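Peer 1: Please find one structure pasted underneath; my questions will follow.
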Amino acid sequence: MKKKYIYILITFIIIQLSGLFGSPLVFFIGSSFFDVEPTYMKFLAAGIWIVFSFALGLIIILLLLRKAVPFTKVEKAEPMPIGRSITWAIGGVFLAFLSQIIAVLIERALGINPVSENTQLIMKMITLVPMVVIASSLLGPILEEIVFRKVIFGTLYNRFPFWVSALISAIVFSLAHQEPEHLLLYAAMGFTFSYLYVKTKRIIVPIISHMAMNTLVTVVQINELKKQASLLDTLFGWIGGGFL
């Protein structure tokens, strides 16, 4: 793996671990210098740090990628024309949801609760700290597609067939979400995004699909939380709504 890719992985890992000290720091500052209720400040601190760390990390990663020489087979291949790529980016949202439906059907057959605690926590945080939607719907998908598709999948694809590379990167993507009971759910999404990347040879395609899917899930679930309606809430709970 080239050095720039190693630096990108290190940056991403630091982002994931930075909350251990970043959130408490923001909480301390908010509690000490601003009149904010402690319980709310706890969520606010976490939200502020998520957005800040994701934004800073993305800037660093984009700087590392600036003027990068094509390294993987995907990067060196001829990209799909923009018009067709846009079609695949839009269609990728439906492919991602379809893969989730299949994964959830299998999980249900295995007796696994399809509701993602990770998603529920993020939804609660968005409700309390709306700025978090920037991380979940914009920054997160960009970071994840660069790391798991461009870097990890792309490097594996240099040495192994598509199915092997996509499967390994999808499992790593799934484990990164720290919900082992939903390994199949997240892996299905990761596999789909790898397919979109290879099919179009443009990393922006899975990025757009990932952002659109996260945004759609967020909008629907927030509306359902407000209306407390059961139909779509049950539907999206069944699909899984996994992201980030």
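Please note that chains go A, B, ... in the order of the structure tokens, that every chain numbers its residues from 1, and that ligands are numbered from 1 in the order shown.
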Name the residues in contact with Ile13 in chain A at a cut-off of 10 Å, using only C-alpha atoms, excluding same-chain residues fewer than 6 positions from it; report them as a list in words.
Peer 2: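 Once the adjacent positions are removed, what remains is Tyr7, Gly57 and Ala176 of chain A.
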Peer 1: For the alpha helix (DSSP H) assignment from backbone DSSP, which residues of range 10-230 of chain A qualify? Please present them as a PyMOL selection string.
Peer 2: chain A and resi 10-33+38-65+73-76+82-109+117-128+132-134+140-144+154-157+162-176+183-200+204-227
Peer 1: Which residues, written as an MDAnalysis selection string, have at least one atom at most 9 Å from Ala46 in chain A, with only C-alpha atoms counted and residues fewer than 6 positions away on the same chain left out?
Peer 2: chainID A and resid 19 22:24 26:27 125
Peer 1: Each residue of range 65-114 of chain A with at least one atom at most 10 Å from range 193-214 of chain A should appear once, together with its nearest atom pair and the corresponding distance in Å (one decimal); atoms considered: only C-alpha atoms; ordering: chain, then increasing residue number; output as JSON lines.
Peer 2:
{"residue": "A:Lys73", "atom": "CA", "partner": "A:Lys201", "partner_atom": "CA", "distance": 9.2}
{"residue": "A:Val74", "atom": "CA", "partner": "A:Lys201", "partner_atom": "CA", "distance": 5.6}
{"residue": "A:Glu75", "atom": "CA", "partner": "A:Lys201", "partner_atom": "CA", "distance": 6.7}
{"residue": "A:Lys76", "atom": "CA", "partner": "A:Lys201", "partner_atom": "CA", "distance": 8.7}
{"residue": "A:Ala77", "atom": "CA", "partner": "A:Lys201", "partner_atom": "CA", "distance": 6.7}
{"residue": "A:Glu78", "atom": "CA", "partner": "A:Lys201", "partner_atom": "CA", "distance": 6.9}
{"residue": "A:Pro79", "atom": "CA", "partner": "A:Lys201", "partner_atom": "CA", "distance": 4.6}
{"residue": "A:Met80", "atom": "CA", "partner": "A:Thr200", "partner_atom": "CA", "distance": 4.9}
{"residue": "A:Pro81", "atom": "CA", "partner": "A:Thr200", "partner_atom": "CA", "distance": 8.2}
{"residue": "A:Ile82", "atom": "CA", "partner": "A:Thr200", "partner_atom": "CA", "distance": 9.2}
{"residue": "A:Arg84", "atom": "CA", "partner": "A:Thr200", "partner_atom": "CA", "distance": 8.3}
{"residue": "A:Ser85", "atom": "CA", "partner": "A:Thr200", "partner_atom": "CA", "distance": 6.1}
{"residue": "A:Ile86", "atom": "CA", "partner": "A:Val205", "partner_atom": "CA", "distance": 7.1}
{"residue": "A:Thr87", "atom": "CA", "partner": "A:Val205", "partner_atom": "CA", "distance": 9.2}
{"residue": "A:Trp88", "atom": "CA", "partner": "A:Val205", "partner_atom": "CA", "distance": 7.0}
{"residue": "A:Ala89", "atom": "CA", "partner": "A:Val205", "partner_atom": "CA", "distance": 4.8}
{"residue": "A:Ile90", "atom": "CA", "partner": "A:Ser209", "partner_atom": "CA", "distance": 6.3}
{"residue": "A:Gly91", "atom": "CA", "partner": "A:Ser209", "partner_atom": "CA", "distance": 7.8}
{"residue": "A:Gly92", "atom": "CA", "partner": "A:Ser209", "partner_atom": "CA", "distance": 5.3}
{"residue": "A:Val93", "atom": "CA", "partner": "A:Ser209", "partner_atom": "CA", "distance": 4.9}
{"residue": "A:Phe94", "atom": "CA", "partner": "A:Met213", "partner_atom": "CA", "distance": 8.4}
{"residue": "A:Leu95", "atom": "CA", "partner": "A:Phe193", "partner_atom": "CA", "distance": 9.0}
{"residue": "A:Ala96", "atom": "CA", "partner": "A:Phe193", "partner_atom": "CA", "distance": 7.5}
{"residue": "A:Phe97", "atom": "CA", "partner": "A:Met213", "partner_atom": "CA", "distance": 7.9}
Peer 1: Please list as a list of chain:residue names every residue within 8 Å of range 133-143 of chain A, counting only C-alpha atoms and excluding residues in the same chain fewer than 2 positions away.
Peer 2: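 Once the adjacent positions are removed, what remains is A:Phe12, A:Ile50, A:Val51, A:Phe54, A:Ala55, A:Leu58, A:Ile122, A:Ile126, A:Pro130, A:Met131, A:Glu145, A:Ile146, A:Val147, A:Ile207, A:His210, A:Met211, A:Ala212, A:Asn214, A:Thr215, A:Thr218, A:Phe243, A:Leu244.
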Peer 1: With only C-alpha atoms as the basis for distance, which of A:Arg149, A:Val132, A:Gln221, A:Ile112 is at the shortest distance from Pro180 in chain A?
Peer 2: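 Checking each of A:Arg149, A:Val132, A:Gln221, A:Ile112 against Pro180 in chain A, counting only C-alpha atoms, the winner is A:Ile112.
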Peer 1: Just give me the gap between CA of Gly190 in chain A and CA of Thr127 in chain A in Å, one decimal is fine.
Peer 2: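 Atom-to-atom, CA of Gly190 in chain A and CA of Thr127 in chain A are spaced 26.5 Å apart.
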Peer 1: Taking only C-alpha atoms into account, name the residue in A:Ser53, A:Ile171, A:Ser99, A:Leu63 that is nearest to Leu17 in chain A.
Peer 2: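 Comparing A:Ser53, A:Ile171, A:Ser99, A:Leu63 against Leu17 in chain A, the winner is A:Ser53.
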Peer 1: Quick one: distance from CA of Ile10 in chain A to CA of Arg159 in chain A in Å, one decimal?
Peer 2: 21.9 Å
Peer 1: Which is closer to Leu175 in chain A than all the others in A:Ala187, A:Phe71, A:Val220, A:Ile59, using only C-alpha atoms?
Peer 2: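 Ranking A:Ala187, A:Phe71, A:Val220, A:Ile59 by distance to Leu175 in chain A, first place goes to A:Ala187.
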Peer 1: Out of A:Glu144, A:Leu121, A:Gly154, A:Glu181, which residue has the shortest atom-to-atom distance to Ile168 in chain A when counting only C-alpha atoms?
Peer 2: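 Checking each candidate against Ile168 in chain A, we get A:Gly154 as the closest.
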Peer 1: By how many Å are CA of Ala68 in chain A and CA of Ser174 in chain A apart?
Peer 2: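 We find that CA of Ala68 in chain A and CA of Ser174 in chain A lie 27.4 Å from each other.
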